[in-house]
file target_12.txt (compact mmCIF, C-alpha atoms)
# COMPACT_ATOMS: atom_id res chain seq x y z
CA MET I 1 -11.85 11.34 -13.18
CA ASN I 2 -14.93 13.51 -12.88
CA HIS I 3 -16.46 14.73 -9.65
CA PRO I 4 -19.73 16.40 -10.68
CA GLY I 5 -21.68 18.16 -8.01
CA LEU I 6 -18.92 18.51 -5.45
CA SER I 7 -19.44 22.26 -5.23
CA GLY I 8 -23.15 21.85 -4.52
CA THR I 9 -22.74 20.65 -0.94
CA ARG I 10 -22.31 22.88 2.10
CA PRO I 11 -19.43 25.37 1.58
CA ARG I 12 -16.85 23.93 4.02
CA GLN I 13 -17.59 20.33 3.00
CA ALA I 14 -17.51 21.29 -0.67
CA ARG I 15 -14.16 23.05 -0.26
CA GLN I 16 -12.64 20.05 1.50
CA ALA I 17 -14.08 17.62 -1.05
CA ASN I 18 -12.81 19.73 -3.95
CA THR I 19 -9.37 20.12 -2.35
CA ALA I 20 -9.18 16.35 -1.84
CA ALA I 21 -10.15 15.82 -5.49
CA VAL I 22 -7.42 18.24 -6.64
CA LEU I 23 -4.77 16.55 -4.48
CA GLN I 24 -5.70 13.10 -5.72
CA LEU I 25 -5.75 14.31 -9.34
CA LEU I 26 -2.24 15.76 -8.94
CA VAL I 27 -1.05 12.50 -7.36
CA GLN I 28 -2.40 10.51 -10.29
CA ARG I 29 -1.92 12.85 -13.24
CA GLY I 30 0.21 15.85 -12.24
CA PRO I 31 1.70 18.24 -13.12
CA LEU I 32 -1.38 19.99 -14.51
CA ALA I 33 -2.37 23.54 -15.38
CA ARG I 34 -5.27 25.07 -13.50
CA SER I 35 -7.40 24.98 -16.65
CA ASP I 36 -6.81 21.22 -16.97
CA ILE I 37 -7.74 20.70 -13.32
CA ALA I 38 -10.94 22.72 -13.82
CA LYS I 39 -11.88 20.69 -16.89
CA GLU I 40 -11.10 17.32 -15.30
CA LEU I 41 -13.06 18.02 -12.09
CA SER I 42 -15.91 20.04 -13.68
CA LEU I 43 -15.04 23.11 -11.60
CA ASN I 44 -14.80 26.74 -12.67
CA HIS I 45 -11.44 28.50 -12.80
CA GLY I 46 -12.19 30.65 -9.78
CA SER I 47 -12.89 27.60 -7.63
CA VAL I 48 -9.64 25.95 -8.73
CA SER I 49 -7.64 29.08 -7.90
CA ARG I 50 -9.23 29.27 -4.44
CA ILE I 51 -8.20 25.65 -3.86
CA ILE I 52 -4.66 25.97 -5.25
CA GLU I 53 -3.62 29.17 -3.47
CA PRO I 54 -3.73 27.80 0.12
CA LEU I 55 -1.91 24.68 -1.07
CA LEU I 56 0.78 26.87 -2.64
CA SER I 57 1.09 28.95 0.53
CA ALA I 58 1.49 25.80 2.62
CA GLY I 59 4.08 24.46 0.19
CA ILE I 60 2.05 21.34 -0.52
CA VAL I 61 1.96 22.09 -4.25
CA ARG I 62 4.40 24.12 -6.31
CA GLU I 63 4.31 25.93 -9.63
CA LEU I 64 6.49 24.91 -12.54
CA VAL I 65 7.85 26.93 -15.46
CA GLU I 66 5.21 28.64 -17.56
CA GLN I 67 4.22 26.91 -20.78
CA SER I 68 3.68 29.36 -23.62
CA THR I 69 0.56 29.05 -25.75
CA ARG I 70 -0.27 30.71 -29.03
CA VAL I 71 -3.48 32.22 -27.67
CA GLY I 72 -4.55 33.32 -24.21
CA ARG I 73 -2.49 33.53 -21.05
CA PRO I 74 0.51 31.26 -20.42
CA ARG I 75 -0.24 27.97 -18.69
CA VAL I 76 1.47 27.48 -15.33
CA PRO I 77 1.43 23.80 -14.30
CA VAL I 78 1.28 22.88 -10.64
CA GLU I 79 2.42 19.64 -9.05
CA LEU I 80 2.51 17.99 -5.66
CA ASN I 81 5.61 18.89 -3.64
CA PRO I 82 6.65 15.52 -2.14
CA SER I 83 9.07 17.03 0.38
CA SER I 84 6.48 19.38 1.87
CA ARG I 85 5.19 16.82 4.38
CA TYR I 86 6.35 13.50 5.84
CA ALA I 87 4.84 10.48 7.58
CA VAL I 88 6.28 7.90 9.96
CA GLY I 89 5.52 4.22 9.35
CA VAL I 90 5.76 1.46 11.96
CA HIS I 91 5.54 -2.24 11.12
CA LEU I 92 5.09 -4.59 14.07
CA GLY I 93 6.37 -7.93 12.81
CA LEU I 94 6.84 -11.25 14.55
CA GLU I 95 10.40 -10.67 15.75
CA ARG I 96 11.21 -7.16 14.55
CA THR I 97 9.87 -3.64 14.78
CA THR I 98 10.70 -1.56 11.71
CA VAL I 99 10.12 2.19 11.53
CA GLY I 100 10.65 4.53 8.63
CA LEU I 101 10.07 8.03 7.32
CA ILE I 102 8.58 8.69 3.87
CA ASP I 103 7.55 11.76 1.89
CA LEU I 104 4.26 12.39 0.08
CA ALA I 105 5.43 10.41 -2.96
CA GLY I 106 6.32 7.34 -0.90
CA HIS I 107 10.08 7.89 -1.11
CA SER I 108 11.93 6.47 1.87
CA VAL I 109 14.04 8.97 3.83
CA ARG I 110 15.38 6.55 6.44
CA THR I 111 14.51 3.21 8.03
CA GLN I 112 15.45 1.55 11.31
CA THR I 113 14.89 -2.04 12.48
CA GLU I 114 15.18 -3.60 15.95
CA ASN I 115 14.72 -7.17 17.16
CA ARG I 116 12.32 -7.63 20.05
CA ASP I 117 10.30 -10.06 22.15
CA PRO I 118 6.91 -10.36 20.42
CA ALA I 119 5.12 -11.56 23.55
CA ASP I 120 5.69 -8.33 25.51
CA SER I 121 3.18 -5.98 23.88
CA ALA I 122 3.70 -3.16 26.39
CA ALA I 123 7.47 -3.05 25.90
CA THR I 124 7.08 -3.44 22.14
CA LEU I 125 4.73 -0.47 21.84
CA SER I 126 6.74 1.70 24.22
CA ARG I 127 9.91 1.15 22.21
CA ALA I 128 8.11 1.57 18.88
CA ALA I 129 6.76 4.91 20.11
CA GLU I 130 10.28 6.00 21.08
CA LEU I 131 11.63 5.07 17.65
CA ALA I 132 8.75 6.82 15.89
CA ALA I 133 9.23 9.96 17.97
CA GLY I 134 12.92 10.02 17.12
CA LEU I 135 12.22 9.77 13.39
CA ALA I 136 9.55 12.47 13.58
CA ASP I 137 11.97 14.80 15.38
CA SER I 138 14.62 14.24 12.70
CA ALA I 139 12.29 14.81 9.75
CA PRO I 140 13.33 17.60 7.34
CA GLY I 141 9.78 19.00 7.31
CA PRO I 142 6.38 18.80 9.04
CA VAL I 143 5.21 15.30 9.98
CA LEU I 144 1.57 14.44 9.34
CA GLY I 145 1.37 11.53 11.76
CA ILE I 146 2.23 7.90 12.38
CA GLY I 147 0.85 4.87 10.57
CA VAL I 148 1.08 1.41 12.11
CA ALA I 149 0.69 -1.84 10.15
CA VAL I 150 0.26 -5.10 12.03
CA GLY I 151 -1.08 -8.56 11.30
CA GLY I 152 -4.21 -10.15 12.70
CA GLU I 153 -7.61 -8.61 13.28
CA VAL I 154 -7.40 -4.82 13.62
CA ASP I 155 -10.04 -2.33 14.70
CA ARG I 156 -9.00 0.65 12.61
CA ALA I 157 -11.49 3.06 14.15
CA ALA I 158 -10.26 2.34 17.69
CA GLY I 159 -6.61 1.92 16.70
CA ARG I 160 -6.26 -1.45 18.42
CA VAL I 161 -5.25 -5.00 17.65
CA VAL I 162 -8.31 -7.08 18.42
CA ARG I 163 -6.46 -10.36 18.06
CA ASN I 164 -3.14 -11.55 16.65
CA ASP I 165 -2.53 -15.21 17.36
CA VAL I 166 1.01 -15.15 15.98
CA LEU I 167 2.06 -12.38 18.37
CA GLY I 168 -0.19 -13.64 21.15
CA TRP I 169 -1.89 -10.23 21.42
CA ALA I 170 -5.52 -9.57 22.31
CA ASP I 171 -7.18 -6.15 22.74
CA VAL I 172 -3.93 -4.17 22.49
CA ARG I 173 -4.58 -0.42 22.15
CA VAL I 174 -1.79 0.57 19.78
CA ALA I 175 -2.87 4.09 18.80
CA ASP I 176 -3.30 5.32 22.39
CA VAL I 177 0.28 4.43 23.31
CA MET I 178 1.79 5.94 20.17
CA ARG I 179 -0.29 9.10 20.40
CA GLU I 180 0.48 9.69 24.07
CA ARG I 181 4.24 9.48 23.48
CA THR I 182 4.45 11.49 20.24
CA GLY I 183 1.47 13.84 20.26
CA LEU I 184 0.87 12.97 16.60
CA ASP I 185 -2.16 11.56 14.82
CA VAL I 186 -2.00 7.76 14.60
CA VAL I 187 -3.66 5.40 12.10
CA VAL I 188 -3.57 1.62 12.66
CA ASP I 189 -4.58 -0.99 10.10
CA GLY I 190 -3.94 -4.57 9.02
CA ASN I 191 -0.93 -5.43 6.89
CA VAL I 192 -2.81 -6.29 3.71
CA CYS I 193 -5.13 -3.26 3.86
CA ALA I 194 -2.06 -1.07 4.30
CA LEU I 195 -0.16 -2.80 1.47
CA LEU I 196 -3.05 -2.45 -0.95
CA GLY I 197 -3.55 1.17 0.09
CA ALA I 198 0.11 1.91 -0.62
CA GLU I 199 -0.22 0.45 -4.11
CA LEU I 200 -3.29 2.64 -4.71
CA THR I 201 -1.38 5.71 -3.53
CA PHE I 202 2.19 5.16 -4.76
CA GLY I 203 2.36 2.00 -6.83
CA ALA I 204 0.81 -0.37 -9.33
CA GLY I 205 -2.80 0.47 -8.43
CA LEU I 206 -2.46 4.27 -8.69
CA GLY I 207 -5.74 5.66 -10.00
CA GLN I 208 -7.32 2.20 -10.28
CA ASP I 209 -10.45 0.70 -8.80
CA LYS I 210 -11.53 -2.93 -8.35
CA VAL I 211 -8.05 -4.00 -7.29
CA SER I 212 -7.16 -7.20 -5.41
CA TYR I 213 -3.95 -7.71 -3.43
CA LEU I 214 -2.81 -11.28 -2.80
CA PHE I 215 -0.16 -11.49 -0.10
CA VAL I 216 1.79 -14.75 -0.06
CA GLY I 217 4.22 -15.30 2.79
CA ASN I 218 4.02 -17.27 6.00
CA VAL I 219 0.32 -16.38 5.82
CA ALA I 220 -2.04 -16.09 2.86
CA GLU I 221 -4.14 -12.92 2.98
CA THR I 222 -6.04 -10.81 0.49
CA GLY I 223 -7.34 -7.28 0.26
CA PHE I 224 -9.93 -6.10 -2.25
CA LEU I 225 -10.92 -2.56 -3.19
CA SER I 226 -14.58 -2.97 -4.00
CA ARG I 227 -15.41 0.55 -5.19
CA PRO I 228 -13.70 3.77 -6.28
CA VAL I 229 -12.60 5.58 -3.12
CA GLY I 230 -9.66 7.65 -4.32
CA THR I 231 -6.73 6.98 -2.02
CA SER I 232 -8.80 6.29 1.10
CA SER I 233 -8.66 2.97 2.96
CA ASP I 234 -12.45 2.89 3.20
CA GLY I 235 -13.85 0.17 0.97
CA ILE I 236 -10.87 -2.20 1.32
CA ILE I 237 -12.03 -5.63 2.41
CA GLN I 238 -9.47 -7.94 4.04
CA GLY I 239 -9.66 -11.72 4.19
CA GLY I 240 -7.70 -14.90 3.66
CA PHE I 241 -7.35 -17.48 0.92
CA GLY I 242 -5.51 -20.16 2.88
CA ARG I 243 -8.40 -22.61 2.46
CA ILE I 244 -8.38 -22.59 -1.34
CA LEU I 245 -7.36 -26.05 -2.53
CA VAL I 246 -4.21 -26.17 -4.63
CA PRO I 247 -1.96 -28.94 -5.99
CA GLY I 248 0.98 -29.96 -3.85
CA LEU I 249 4.49 -28.69 -4.53
CA THR I 250 6.01 -32.13 -4.90
CA ASP I 251 3.10 -34.56 -5.27
CA ALA I 252 -0.12 -35.01 -7.21
CA GLY I 253 -2.39 -34.46 -4.22
CA HIS I 254 -4.29 -31.32 -3.30
CA GLY I 255 -4.59 -29.40 -0.04
CA PRO I 256 -5.31 -25.94 1.39
CA PHE I 257 -2.95 -23.22 0.22
CA GLY I 258 -2.33 -22.34 3.87
CA GLU I 259 -0.71 -25.76 4.29
CA ARG I 260 0.81 -26.34 0.86
CA GLY I 261 1.58 -22.94 -0.63
CA THR I 262 3.00 -20.67 2.07
CA ASP I 263 6.69 -19.81 2.38
CA VAL I 264 6.93 -22.27 5.27
CA ALA I 265 5.64 -25.09 3.05
CA LEU I 266 7.85 -24.04 0.13
CA LEU I 267 11.05 -24.00 2.20
CA ALA I 268 10.13 -27.29 3.88
CA ALA I 269 9.65 -28.87 0.45
CA ALA I 270 13.01 -27.48 -0.68
CA ARG I 271 14.82 -28.96 2.32
CA SER I 272 13.05 -32.29 1.88
CA ALA I 273 14.32 -32.29 -1.70
CA GLY I 274 17.90 -31.92 -0.44
CA LEU I 275 18.39 -28.19 -1.05
CA THR I 276 20.34 -26.20 1.53
CA VAL I 277 18.15 -23.13 1.95
CA THR I 278 17.22 -20.99 4.93
CA SER I 279 15.22 -18.31 3.14
CA LEU I 280 13.17 -17.69 0.02
CA THR I 281 16.05 -15.56 -1.28
CA ASP I 282 18.28 -18.65 -1.16
CA LEU I 283 15.74 -20.65 -3.15
CA ILE I 284 15.29 -17.95 -5.79
CA ARG I 285 19.06 -17.67 -6.19
CA LEU I 286 19.36 -21.45 -6.66
CA ALA I 287 16.61 -21.30 -9.30
CA ASP I 288 19.03 -19.59 -11.67
CA THR I 289 20.60 -22.98 -12.36
CA ASP I 290 19.24 -25.73 -10.09
CA PRO I 291 16.44 -27.80 -11.72
CA VAL I 292 14.95 -28.82 -8.35
CA ALA I 293 14.63 -25.19 -7.24
CA ILE I 294 13.20 -24.27 -10.62
CA GLY I 295 10.62 -27.04 -10.35
CA LEU I 296 9.54 -25.94 -6.87
CA LEU I 297 9.05 -22.32 -7.92
CA GLU I 298 7.18 -23.41 -11.03
CA ALA I 299 4.89 -25.51 -8.83
CA ARG I 300 4.36 -22.50 -6.55
CA SER I 301 3.53 -20.38 -9.62
CA ALA I 302 0.86 -22.90 -10.57
CA GLN I 303 -0.61 -22.63 -7.06
CA VAL I 304 -0.66 -18.82 -7.20
CA ALA I 305 -2.23 -18.92 -10.67
CA LEU I 306 -5.05 -21.11 -9.34
CA VAL I 307 -5.63 -18.70 -6.44
CA ALA I 308 -5.65 -15.74 -8.85
CA ASP I 309 -8.19 -17.50 -11.08
CA THR I 310 -10.42 -18.20 -8.08
CA VAL I 311 -10.29 -14.56 -6.96
CA TYR I 312 -10.90 -13.35 -10.50
CA ASP I 313 -13.89 -15.67 -10.97
CA LEU I 314 -15.45 -14.45 -7.72
CA MET I 315 -14.71 -10.70 -7.83
CA ARG I 316 -13.70 -9.77 -11.39
CA PRO I 317 -11.03 -7.26 -10.35
CA ARG I 318 -9.38 -5.09 -12.99
CA MET I 319 -5.99 -5.77 -11.39
CA ILE I 320 -4.52 -8.45 -9.12
CA ILE I 321 -1.33 -7.44 -7.35
CA LEU I 322 0.83 -10.39 -6.25
CA GLY I 323 2.61 -9.31 -3.08
CA GLY I 324 5.02 -11.02 -0.73
CA SER I 325 6.50 -14.03 -2.50
CA GLY I 326 3.54 -14.49 -4.85
CA ALA I 327 5.69 -13.29 -7.75
CA PRO I 328 9.13 -12.52 -6.30
CA SER I 329 10.56 -11.28 -9.60
CA ASP I 330 9.44 -10.38 -13.12
CA ARG I 331 10.52 -13.86 -14.20
CA TRP I 332 8.13 -15.52 -11.77
CA LEU I 333 5.36 -13.04 -12.54
CA GLU I 334 5.56 -14.27 -16.13
CA ALA I 335 5.44 -17.85 -14.83
CA VAL I 336 2.14 -17.11 -13.09
CA ARG I 337 0.81 -15.32 -16.18
CA GLU I 338 1.57 -18.38 -18.29
CA ARG I 339 -0.49 -20.59 -15.97
CA VAL I 340 -3.68 -18.58 -15.38
CA GLU I 341 -6.77 -19.75 -17.21
CA THR I 342 -9.53 -17.20 -16.56
CA THR I 343 -7.52 -14.23 -15.29
CA PRO I 344 -6.33 -11.90 -18.07
CA PRO I 345 -2.52 -12.16 -17.84
CA GLU I 346 -2.15 -8.39 -18.20
CA ALA I 347 -4.29 -7.93 -15.06
CA LEU I 348 -1.52 -9.46 -12.93
CA ALA I 349 1.10 -7.10 -11.51
CA ARG I 350 3.85 -6.93 -8.91
CA PRO I 351 3.91 -4.25 -6.20
CA ARG I 352 5.64 -1.01 -7.19
CA SER I 353 5.63 1.06 -3.99
CA ARG I 354 9.15 1.96 -2.91
CA GLY I 355 11.38 1.16 0.04
CA ASN I 356 10.50 -1.37 2.73
CA PRO I 357 7.01 -2.50 1.59
CA LEU I 358 5.38 -2.73 5.03
CA VAL I 359 6.95 0.48 6.37
CA THR I 360 5.88 2.39 3.25
CA ALA I 361 2.43 0.82 3.60
CA ALA I 362 2.20 1.86 7.26
CA ALA I 363 3.24 5.45 6.58
CA GLY I 364 0.94 5.44 3.57
CA LEU I 365 -2.02 5.09 5.93
CA VAL I 366 -1.32 8.65 7.08
CA VAL I 367 -0.55 10.01 3.61
CA ARG I 368 -3.82 8.65 2.23
CA ALA I 369 -5.74 10.20 5.10
CA PHE I 370 -4.07 13.53 4.30
CA PHE I 371 -4.93 13.31 0.61
CA THR I 372 -8.58 12.53 1.34
CA ARG I 373 -9.08 14.99 4.20
CA GLY I 374 -8.97 17.93 1.81
CA THR I 375 -7.26 20.53 3.98
CA ALA I 376 -3.98 22.39 3.52
CA GLU I 377 -2.83 21.54 7.05
call {"tool": "encode", "arguments": {"input": "target_12.txt", "output": "structure tokens"}}
result
Amino acid sequence: MNHPGLSGTRPRQARQANTAAVLQLLVQRGPLARSDIAKELSLNHGSVSRIIEPLLSAGIVRELVEQSTRVGRPRVPVELNPSSRYAVGVHLGLERTTVGLIDLAGHSVRTQTENRDPADSAATLSRAAELAAGLADSAPGPVLGIGVAVGGEVDRAAGRVVRNDVLGWADVRVADVMRERTGLDVVVDGNVCALLGAELTFGAGLGQDKVSYLFVGNVAETGFLSRPVGTSSDGIIQGGFGRILVPGLTDAGHGPFGERGTDVALLAAARSAGLTVTSLTDLIRLADTDPVAIGLLEARSAQVALVADTVYDLMRPRMIILGGSGAPSDRWLEAVRERVETTPPEALARPRSRGNPLVTAAAGLVVRAFFTRGTAE
């Protein structure tokens, strides 16, 4: 992870860029001694010390026990202090609003969920802001801001939902409402962009580039990190793969994944086959022993493998993360790996970020912005 030439820009910009590089290096590789940081980032020791000292004073990084060496001065490793700052995450789902508080390492402090009427956007946002404010007030340390993850088309720069057909929302200014109530910075983004960003910051994609995220649920969406951008959300492209043709779950025909491969289609096929299931969890539990359930999940694995191969053929990612119900357990991840043809099996992974995935992803929007801003505050 080299960043040559960072110190050659204007002083303030160079300092912020170098601080961001140090923070991201500690996230990915810490704890590290100052000499290791200097070597990795092609900076001199004086520059590293000038970066580390404000971070130490702010409590964002901390020193560990000295490591003795046979020659020279002892090495004092530094690492990120996860409990130095917190972020609030808000997920606006179809029937529920879920809010949570995480630290800089993505650990969940607390989570709260409420049912709501999805059609009333004003009441939904007002209540979400109240819940977020309450969590921020109860945080054990400074709160960086609020991240909001929501489905549909999102204008990140303006902090608004352009269109969400499932919720029935159009031109809903999410960030303005949250900011006015809490006084905190607010970042709004689409579910899949947030989920992929969380994996880049806390999970399977930490330190990686060229990563795809395939979300399989009631919708089929994908995010792709097209270039190295540290932990920033810039460069993540969001789209859908519902139109990719896949074999049916119970017949020899083919159809769009959005009709034949979603959770809705999978549960409908299970009920048509005589299984008493109301959720994917029910189906996965039955698949421990029931041959019909096993067959359905194997058929779904074949569908996901075909989607993964299509994405790999088009984009050649280094990693494909199967989120949602794409690979609901290690067992079914292996089932997908056994069925891919062009995708390297080792390139497939399950999400590893902690806690409630979408709440962690939402709060991660703020954490990533903090890591890439390059300031101690």
call {"tool": "residues_around", "arguments": {"input": "target_12.txt", "residues": "stretch 110-114 of chain I", "least_positions_apart": "2", "cutoff": "12 Å", "atoms": "all atoms listed in the file", "output": "MDAnalysis selection string"}}
result
chainID I and resid 86:103 106:108 116:118 124 127:128 130:132 134:136 138:140 355:360 363
call {"tool": "closest_residue", "arguments": {"input": "target_12.txt", "among": "I:Gln238, I:Asn164, I:Ser47, I:Thr250", "to": "I:Ala302", "atoms": "only C-alpha atoms"}}
result
I:Thr250
call {"tool": "atom_distance", "arguments": {"input": "target_12.txt", "atom1": "atom CA of I:Arg352", "atom2": "atom CA of I:Arg318"}}
result
16.6 Å
call {"tool": "residues_near_point", "arguments": {"input": "target_12.txt", "point": "(-5.1, 19.0, -3.0)", "cutoff": "8 Å", "atoms": "only C-alpha atoms", "output": "list of chain:residue names"}}
result
I:Asn18, I:Thr19, I:Ala20, I:Ala21, I:Val22, I:Leu23, I:Gln24, I:Leu25, I:Leu26, I:Ile51, I:Ile52, I:Leu55, I:Ile60, I:Val61, I:Phe371, I:Gly374, I:Thr375, I:Ala376
call {"tool": "residues_around", "arguments": {"input": "target_12.txt", "residues": "I:Gly145", "least_positions_apart": "4", "cutoff": "6 Å", "atoms": "only C-alpha atoms", "output": "MDAnalysis selection string"}}
result
chainID I and resid 87 184:186
call {"tool": "closest_atom_pairs", "arguments": {"input": "target_12.txt", "of": "stretch 171-257 of chain I", "to": "stretch 262-284 of chain I", "cutoff": "7 Å", "atoms": "all atoms listed in the file", "output": "CSV"}}
result
residue,atom,partner,partner_atom,distance
I:Val216,CA,I:Thr262,CA,6.4
I:Gly217,CA,I:Asp263,CA,5.2
I:Asn218,CA,I:Asp263,CA,5.2
I:Val219,CA,I:Thr262,CA,6.3
I:Ala220,CA,I:Thr262,CA,6.9
I:Phe257,CA,I:Thr262,CA,6.7
call {"tool": "residues_around", "arguments": {"input": "target_12.txt", "residues": "I:Pro345", "least_positions_apart": "4", "cutoff": "12 Å", "atoms": "all atoms listed in the file", "output": "list in words"}}
result
Ala305, Ala308, Asp309, Tyr312, Arg318, Met319, Ile320, Ile321, Leu333, Glu334, Ala335, Val336, Arg337, Glu338, Arg339, Val340, Glu341 and Ala349 of chain I
call {"tool": "residues_around", "arguments": {"input": "target_12.txt", "residues": "I:Asp36", "least_positions_apart": "3", "cutoff": "12 Å", "atoms": "all atoms listed in the file", "output": "compact mmCIF listing (two decimals) with C-alpha atoms, in the frame of the given file"}}
result
# COMPACT_ATOMS: atom_id res chain seq x y z
CA MET I 1 -11.85 11.34 -13.18
CA ASN I 2 -14.93 13.51 -12.88
CA VAL I 22 -7.42 18.24 -6.64
CA LEU I 25 -5.75 14.31 -9.34
CA LEU I 26 -2.24 15.76 -8.94
CA ARG I 29 -1.92 12.85 -13.24
CA GLY I 30 0.21 15.85 -12.24
CA PRO I 31 1.70 18.24 -13.12
CA LEU I 32 -1.38 19.99 -14.51
CA ALA I 33 -2.37 23.54 -15.38
CA LYS I 39 -11.88 20.69 -16.89
CA GLU I 40 -11.10 17.32 -15.30
CA LEU I 41 -13.06 18.02 -12.09
CA SER I 42 -15.91 20.04 -13.68
CA LEU I 43 -15.04 23.11 -11.60
CA ASN I 44 -14.80 26.74 -12.67
CA HIS I 45 -11.44 28.50 -12.80
CA VAL I 48 -9.64 25.95 -8.73
CA ARG I 75 -0.24 27.97 -18.69
CA VAL I 76 1.47 27.48 -15.33
CA PRO I 77 1.43 23.80 -14.30
CA VAL I 78 1.28 22.88 -10.64
call {"tool": "axis_aligned_box", "arguments": {"input": "target_12.txt", "around": "stretch 287-303 of chain I", "padding_each_side": "5 Å", "output": "JSON"}}
result
{"center_x": 10.0, "center_y": -24.2, "center_z": -9.5, "size_x": 31.2, "size_y": 19.2, "size_z": 15.8}
call {"tool": "atom_distance", "arguments": {"input": "target_12.txt", "atom1": "atom CA of I:Leu104", "atom2": "atom CA of I:Ser57"}}
result
16.9 Å
call {"tool": "closest_residue", "arguments": {"input": "target_12.txt", "among": "I:Ala58, I:Ala252, I:Ile236, I:Leu80", "to": "I:Cys193", "atoms": "only C-alpha atoms"}}
result
I:Ile236
call {"tool": "atom_distance", "arguments": {"input": "target_12.txt", "atom1": "atom CA of I:Gly295", "atom2": "atom CA of I:Thr222"}}
result
25.7 Å
call {"tool": "build_atoms", "arguments": {"input": "target_12.txt", "residues": "stretch 21-34 of chain I", "atoms": "N, CA, C and O atoms", "output": "JSON list (two decimals), in the coordinates of the input"}}
result
[["chain", "number", "residue", "atom", "x", "y", "z"],
["I", 21, "ALA", "N", -10.13, 16.25, -4.08],
["I", 21, "ALA", "CA", -10.15, 15.82, -5.49],
["I", 21, "ALA", "C", -8.95, 16.38, -6.25],
["I", 21, "ALA", "O", -8.35, 15.68, -7.07],
["I", 22, "VAL", "N", -8.58, 17.64, -5.98],
["I", 22, "VAL", "CA", -7.42, 18.24, -6.64],
["I", 22, "VAL", "C", -6.14, 17.51, -6.24],
["I", 22, "VAL", "O", -5.29, 17.19, -7.08],
["I", 23, "LEU", "N", -5.97, 17.25, -4.95],
["I", 23, "LEU", "CA", -4.77, 16.55, -4.48],
["I", 23, "LEU", "C", -4.65, 15.18, -5.13],
["I", 23, "LEU", "O", -3.58, 14.78, -5.60],
["I", 24, "GLN", "N", -5.75, 14.44, -5.15],
["I", 24, "GLN", "CA", -5.70, 13.10, -5.72],
["I", 24, "GLN", "C", -5.45, 13.15, -7.23],
["I", 24, "GLN", "O", -4.75, 12.29, -7.78],
["I", 25, "LEU", "N", -6.00, 14.16, -7.90],
["I", 25, "LEU", "CA", -5.75, 14.31, -9.34],
["I", 25, "LEU", "C", -4.27, 14.59, -9.60],
["I", 25, "LEU", "O", -3.67, 14.02, -10.52],
["I", 26, "LEU", "N", -3.66, 15.45, -8.77],
["I", 26, "LEU", "CA", -2.24, 15.76, -8.94],
["I", 26, "LEU", "C", -1.37, 14.54, -8.63],
["I", 26, "LEU", "O", -0.33, 14.34, -9.26],
["I", 27, "VAL", "N", -1.79, 13.74, -7.66],
["I", 27, "VAL", "CA", -1.05, 12.50, -7.36],
["I", 27, "VAL", "C", -1.07, 11.58, -8.57],
["I", 27, "VAL", "O", -0.06, 10.98, -8.95],
["I", 28, "GLN", "N", -2.23, 11.47, -9.20],
["I", 28, "GLN", "CA", -2.40, 10.51, -10.29],
["I", 28, "GLN", "C", -1.94, 11.03, -11.64],
["I", 28, "GLN", "O", -1.40, 10.27, -12.45],
["I", 29, "ARG", "N", -2.11, 12.34, -11.88],
["I", 29, "ARG", "CA", -1.92, 12.85, -13.24],
["I", 29, "ARG", "C", -0.98, 14.05, -13.33],
["I", 29, "ARG", "O", -0.67, 14.49, -14.44],
["I", 30, "GLY", "N", -0.56, 14.61, -12.21],
["I", 30, "GLY", "CA", 0.21, 15.85, -12.24],
["I", 30, "GLY", "C", 1.53, 15.70, -12.96],
["I", 30, "GLY", "O", 2.01, 14.58, -13.19],
["I", 31, "PRO", "N", 2.16, 16.87, -13.32],
["I", 31, "PRO", "CA", 1.70, 18.24, -13.12],
["I", 31, "PRO", "C", 0.62, 18.64, -14.13],
["I", 31, "PRO", "O", 0.61, 18.15, -15.26],
["I", 32, "LEU", "N", -0.26, 19.54, -13.69],
["I", 32, "LEU", "CA", -1.38, 19.99, -14.51],
["I", 32, "LEU", "C", -1.57, 21.49, -14.36],
["I", 32, "LEU", "O", -1.36, 22.05, -13.28],
["I", 33, "ALA", "N", -1.99, 22.14, -15.45],
["I", 33, "ALA", "CA", -2.37, 23.54, -15.38],
["I", 33, "ALA", "C", -3.73, 23.68, -14.71],
["I", 33, "ALA", "O", -4.52, 22.73, -14.69],
["I", 34, "ARG", "N", -3.99, 24.84, -14.17],
["I", 34, "ARG", "CA", -5.27, 25.07, -13.50],
["I", 34, "ARG", "C", -6.45, 24.82, -14.43],
["I", 34, "ARG", "O", -7.48, 24.29, -14.01]]
